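Since the structure comes first, as structure tokens, the remarks are kept for the end.
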Amino acid sequence: MEQILMNLVAGAIGGNAVGKATPTFDLGTLGNTISGLVGGGVLGQLIPLVLPALSTAMQGGSFSVGSILTNLIGGGAGGAILTAIIGAVKNKAA
């Protein structure tokens, strides 16, 4: 449960960071947060599938700083990427 929470928080932060850093992709604070949450949650769930060693460490209960950083980076990147994609599509449609 902690991994999901870390992914969601990092995703929300990543989404807001991208939205505010590039006004082209800005969806507003609420839009950036929601897209960041979704992106962080999705990418955060995919990282353990891609990196089996991380998944094994999570199941064994042996969390390390590396696995926590992987969750935070994956969630933040996922939130940033999804916010940028949605912002680009929104601006293209407008």
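Following the order of the structure tokens, first chain is A, next is B, and so on, with residues numbered from 1 inside each chain and ligands from 1 in the order they appear.
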Excluding A:Met6 and any residue of its chain fewer than 2 positions from it, enumerate the residues within 9 Å of it, using only C-alpha atoms, and give them as a list of chain:residue names.
-> A:Met1, A:Glu2, A:Gln3, A:Ile4, A:Leu8, A:Val9, A:Ala10, A:Gly11, A:Gly40, A:Gly41, A:Gly44, A:Ile68, A:Asn71, A:Leu72, A:Gly75
Leaving out A:Ile13 and any residue of its chain fewer than 2 positions from it, which residues lie within 8 Å of it when counting only C-alpha atoms, given as a PyMOL selection string?
-> chain A and resi 9-11+15-17+33+36+76+79
With C-alpha atoms retained, could you export that selection as a short mmCIF file (atom, residue, chain, number, x, y, z; two decimals), in the first residue's frame?
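See result.cif below for the written result:
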```cif
data_model
loop_
_atom_site.label_atom_id
_atom_site.label_comp_id
_atom_site.auth_asym_id
_atom_site.auth_seq_id
_atom_site.Cartn_x
_atom_site.Cartn_y
_atom_site.Cartn_z
CA VAL A 9 2.02 11.56 -4.42
CA ALA A 10 5.07 11.62 -6.69
CA GLY A 11 2.79 11.56 -9.74
CA GLY A 15 2.14 16.50 -13.00
CA ASN A 16 2.06 19.89 -11.32
CA ALA A 17 5.76 20.45 -11.98
CA THR A 33 -2.94 16.91 -10.07
CA GLY A 36 -0.37 13.28 -12.33
CA GLY A 76 6.86 11.41 -10.73
CA GLY A 79 2.63 11.94 -13.68
#
```
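Atom CA of A:Leu46 is positioned 18.1 Å from atom CA of A:Ile85.
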Contacts of stretch 23-28 of chain A at 7 Å or less, counting only C-alpha atoms, minus same-chain residues fewer than 2 places along, as a ChimeraX atom specification?
-> /A:19-21,30-32,83-84,87-88
Writer output for current selection, C-alpha atoms, as a PDB file, in the first residue's frame:
```pdb
ATOM      1  CA  GLY A  19       2.170  21.908 -15.862  1.00  0.00           C
ATOM      2  CA  LYS A  20       3.755  24.908 -14.203  1.00  0.00           C
ATOM      3  CA  ALA A  21       7.125  24.571 -15.937  1.00  0.00           C
ATOM      4  CA  LEU A  30      -6.660  20.365 -10.403  1.00  0.00           C
ATOM      5  CA  GLY A  31      -6.122  18.983 -13.914  1.00  0.00           C
ATOM      6  CA  ASN A  32      -2.373  18.666 -13.379  1.00  0.00           C
ATOM      7  CA  THR A  83       0.189  15.558 -17.890  1.00  0.00           C
ATOM      8  CA  ALA A  84       2.334  16.561 -20.873  1.00  0.00           C
ATOM      9  CA  GLY A  87      -1.897  19.037 -22.188  1.00  0.00           C
ATOM     10  CA  ALA A  88      -0.574  18.614 -25.731  1.00  0.00           C
TER      11      ALA A  88
END
```
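Atom CA of A:Leu43 sits 16.1 Å away from atom CA of A:Val18.
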